[in-house]
Amino acid sequence: MSTPETLKWSHEFAHRSAFAGNPVPRPPIPVEHVNIVLILLVAGFAVAVVVALVRGLTAFFKDAEHIRAHGSPAAEAFGVKQNRMMAQRVFFQGIAILLIVLLGSLAS
């Protein structure tokens, strides 16, 4: 099904010479498609935030149980995994916030 916008682009393409050095015209990407992709990315990063949070809290509780059972931690390995998971959580949250800001700027 041809719309007036599609016909305009095909008409413009028909009048351009392939040897003139002009780039091939392409219709712009509809904002609705970009919004859908951004919403899916935000949802994916939100899930990643929750996963990193749960993994960090799980590591925290495992370390706490080990400390209760065996006394104070002698090795520096305690807390490394939970710190890494919490850093990933902050990273994923930052990306999700940037995507939400981008989505908001496209919506206005």
# chains A, B, ... in the order shown; residues from 1 in each chain; ligands from 1
$ residues_around --residues "Leu98 (chain A)" --least-positions-apart "3" --cutoff "12 Å" --atoms "only C-alpha atoms" --output "JSON, numbers by chain"
{"A": [38, 39, 41, 42, 45, 91, 92, 93, 94, 95, 101, 102, 103, 104, 105]}
$ closest_residue --among "A:Leu106, A:Val80, A:Ile29, A:Ala43" --to "Ala59 (chain A)" --atoms "only C-alpha atoms"
A:Val80
$ atom_distance --atom1 "CA of Met85 (chain A)" --atom2 "CA of His66 (chain A)"
18.6 Å
$ closest_residue --among "A:His33, A:Ala107, A:Leu99, A:Lys81" --to "Asp63 (chain A)" --atoms "only C-alpha atoms"
A:Lys81
$ residues_around --residues "Phe60 (chain A)" --least-positions-apart "4" --cutoff "7 Å" --atoms "only C-alpha atoms" --output "ChimeraX atom specification"
/A:56,64,79,82
$ write_last_selection --atoms "C-alpha atoms" --output "PDB file, in the first residue's frame"
ATOM      1  CA  GLY A  56      24.249  -8.741  45.364  1.00  0.00           C
ATOM      2  CA  ALA A  64      26.962 -12.758  56.643  1.00  0.00           C
ATOM      3  CA  GLY A  79      32.223  -8.591  49.966  1.00  0.00           C
ATOM      4  CA  GLN A  82      28.406  -8.148  46.457  1.00  0.00           C
TER       5      GLN A  82
END
$ atom_distance --atom1 "CA of Gly71 (chain A)" --atom2 "CA of Thr58 (chain A)"
19.2 Å
$ closest_residue --among "A:Leu57, A:Val37, A:Val50, A:Ala69" --to "Val90 (chain A)" --atoms "only C-alpha atoms"
A:Val50
